[in-house]
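Take a look at the structure below.
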Amino acid sequence: MKLYDQIFDVVKQFKKLFSPGPVTNADVSGSLTAEMFLIVSLILSAILLRHINILLAGIVTLILAVVLISSIPLIPKFKLEQEDSLEKMLFYAVLTLSIIVVFLYWGGNLV
Amino acid sequence: MAQTQLAILLTSIALVVIGLYSAIFIDNIIKKIIGISFIEEGANLFIVAIGYKAGGVVPILMPGMDTSWFAANAAYPLPFGLVLTSIVIGASTLAVMLALVMVLYRRYGTLSTKVMLADTSKQEEYNE
Amino acid sequence: MNELIPLMVIVPLISALIISAFSKFNKVTKIFALIVAVCLPLIPLLSNYGLHYFGGYQPILDNVTNVVYHPAITYSFTFLQQVFIAMIGILTFLVVFVYLTKYRKVSGPYLFLLFLGTAAVTAMLLTDDIFHMFVFFEILALAQVGIVAASSIDYSYEMALKYMILGSIGSPIMLLGIGFLLAITGSVNVTDIAAAVHNGLVDIKSPVFLASLGLIFFGWLYASGFPPFHTIKSGIYSKAEPHGAALLQSFTVVSMISIVLIMIRIYSSLPIFEVFIVFFSILAMILGVSLALTQTDFRRMIGFLAVGELGFIGLGIGLGTQFAITAGLFQALNEIVITALLFIGFGAIVEATNEVDTRKLGGLLAYHPKVSLMLLLGGLAMAGVPPFNGFQSKLMLVQASLSCGFPELSILAIMVSIATFVVFVKTFYVMFLRPKPNDLEVEGKEVPRSMVFAMGILLIIILALGLFPDMVVNGISNFVGGIL
């Protein structure tokens, strides 16, 4: 029942996502589609880890599925992290740069 | 003098790191732009350092110079040419950025990045 | 006629300068800009394939080590370049045409920016010199910022400044990567660097070589708008004038493929390179399409979709086989046309209603049947519905990922296509099919005819590429076979 309530609560959460302004059917259904698409595609891409290790892929996929489904609605949190403010953009850009360079410099020849 | 080259390389790395730091942590937009332009300067300095040659001569072949001696002792000229182009581009980018900042300062009356370049998608989406 | 190869860059560059210098003569400027715009697609079609050495410095053979050096900046012109430059030329012509008919008094600096951007992407495609590419990449960034800032949309200056600040991190980082390559190989010519790497003169396991990949890769992420730059890229599309946005997205696609083709030639022996490209492409597809589903501003929605569709190109290139790269490049060509059609079409709706929020629109099918029909066809093409070109390239991509042993990627690609389709069905319903809201005023406002004309031309190209894909696929396949 808890999960059911949570799913029902998602629609209410979407209301905040589109404020100010009215929330239409199309927008809510679009957001729900995005929600499902996000979960399924992330899990699907986690299966790609099987090319490294099958056991790892299984564990990661299961954990990811449990974590993602239990923390719905994802889209409001997700959209908040990708808004237009320069602060967030710069933060993610520098973070990505450091991850890429650190990963390649020290671990690049492991793959 | 490998130490000279090493010092230049370390300086360029320091410049890039300072630039990345200021990109995240400095709020004043002018200071932020100055900081970010350090990255460009660091990259330029790095490329200049590549062309450095200990005890080398200027890579211009003067009349009367021995060609083989010149080839062995001249510094590598390509990086200097590249950096010259890169500096010009960097200056024009900086000019455009500062021009935009001037326009925005007149509109907002502040130089704070948090105010000037905040998330605007909510305000513009639904204004009655 | 090999002499035409440098002219592809010189003609738009010189005419941009002339137009901005003599922009007070309005009529002359208009006629001149139109003539140049007509010439742009014709030059690559008339030119012969071949190489052009600037300054006439031919390659030098070192007799001792038996290595060929390229002292000059080299332009190489093959079928791939021809197709893409001609497509950019056609698009520039259409955009300039739309712009010239929209305003009675044209702005010289704006036309300057349009031509400058075209010249920059053309040079990026042609060049065989990695620093030359970087220079034009920076010029392109300036032109893009100018096109965004020149629009009269709210908050366009803010978006332009954000793009510029992010760009002033992305570009120097790429320059640093080029500097690393220069330090290792002593050259900036891609052919020379690739030869040094493949002949074993460079230790590909060395951290410096790997770091150069990381730095150039970061610059590439900025150029192509992959995450973490997907928000700013979609932002600048939504803040430019619609015809400007149509050109901006083509600049993005072309700069993306021209940088990635250079990276393939240098780094193809590193397996991690392909892993990285596939990883970021998957991320771009997921983020782009899921964010497009939640947007209420339809310009922003198309912007996110354009970013998401770029993931398909990256996917094809990341798989790394000849067939997959061909599919990716074909998808790039298709995406240029389809997204341009969508931007111009939705821009026509903005012209007619002065409204960008989907929640305030509705019932437009009765008022603008031509535009809505063409937009529907464009949307279907982007979602990959036969017989349009998007279907052909996406089918090739799905086949390629299946034959490489990645069925998950095929499923993911199909799912992204379905989600794209959902975005279109939703938007089309909201904007065109549902009853018109009472406070929306549409009477008496016409869609500019030049926009309908531009959309018609793009739709014909979409259909032609969809029905006869072999026109370009064979040539691209030969090109890819040559660089692998």
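In the structure tokens, the first chain shown is A, the next is B, and so on; residue numbers restart at 1 for each chain, and ligands run from 1 in the order shown.
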- Task: Name all residues at most 9 Å from Tyr222 in chain C (count only C-alpha atoms; drop same-chain ones fewer than 6 positions away) and give them as an MDAnalysis selection string.
- Result: (chainID A and resid 93) or (chainID C and resid 166:167 170:171 228:230 233)
Next, write the just-selected residues to a file, as a compact mmCIF listing (two decimals), in the first residue's frame, keeping N, CA and C atoms as the atom set.
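And here is the file that came out, selection03.txt:
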# COMPACT_ATOMS: atom_id res chain seq x y z
N ALA A 93 29.97 21.18 -14.72
CA ALA A 93 31.01 21.15 -15.75
C ALA A 93 32.37 20.85 -15.12
N LEU C 166 30.76 29.34 -19.76
CA LEU C 166 31.03 27.91 -19.85
C LEU C 166 32.01 27.62 -20.98
N GLY C 167 31.84 28.38 -22.09
CA GLY C 167 32.75 28.20 -23.21
C GLY C 167 34.17 28.57 -22.86
N GLY C 170 35.45 25.49 -21.37
CA GLY C 170 35.56 24.36 -22.30
C GLY C 170 36.67 24.53 -23.33
N SER C 171 36.74 25.71 -23.94
CA SER C 171 37.71 25.87 -25.03
C SER C 171 39.16 25.84 -24.56
N PRO C 228 27.67 17.57 -19.18
CA PRO C 228 26.84 18.48 -18.41
C PRO C 228 26.44 19.76 -19.11
N PHE C 229 26.63 19.84 -20.42
CA PHE C 229 26.32 21.09 -21.12
C PHE C 229 24.97 21.06 -21.82
N HIS C 230 24.14 20.06 -21.50
CA HIS C 230 22.88 19.96 -22.24
C HIS C 230 21.92 21.08 -21.87
N LYS C 233 23.02 24.26 -23.77
CA LYS C 233 22.82 24.14 -25.22
C LYS C 233 21.36 24.29 -25.57
- When the cut-off is 8 Å and we count only C-alpha atoms, which residues of chain B are near chain C, given as a list in words? Leu20, Ile33, Ile36, Ser37, Ile39, Glu40, Ala43, Asn44, Phe46, Ile47, Ile50, Leu82, Thr85, Ser86, Ile89, Thr93, Met97, Leu100, Val101, Leu104, Met116, Leu117, Thr120, Glu124, Glu125 and Tyr126 of chain B
- Could you please tell me, as number ranges by chain, which residues of chain A have an atom within 10 Å of chain B when using only C-alpha atoms? A: 17-22, 82-95, 97-98
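One distance worth recording is that between CA of Ile60 in chain C and CA of Leu126 in chain C, which is 20.9 Å.
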- Task: Write down, as number ranges by chain, each residue of chain C that has any atom within 8 Å of an atom of chain A, counting only C-alpha atoms.
- Result: C: 162, 166, 205, 207-208, 210-211, 214-215, 218, 228-229, 231-232, 235, 271-272, 282, 286, 289-291, 293-294, 296, 359, 406, 408-409, 412, 415, 419, 422-423, 426, 430
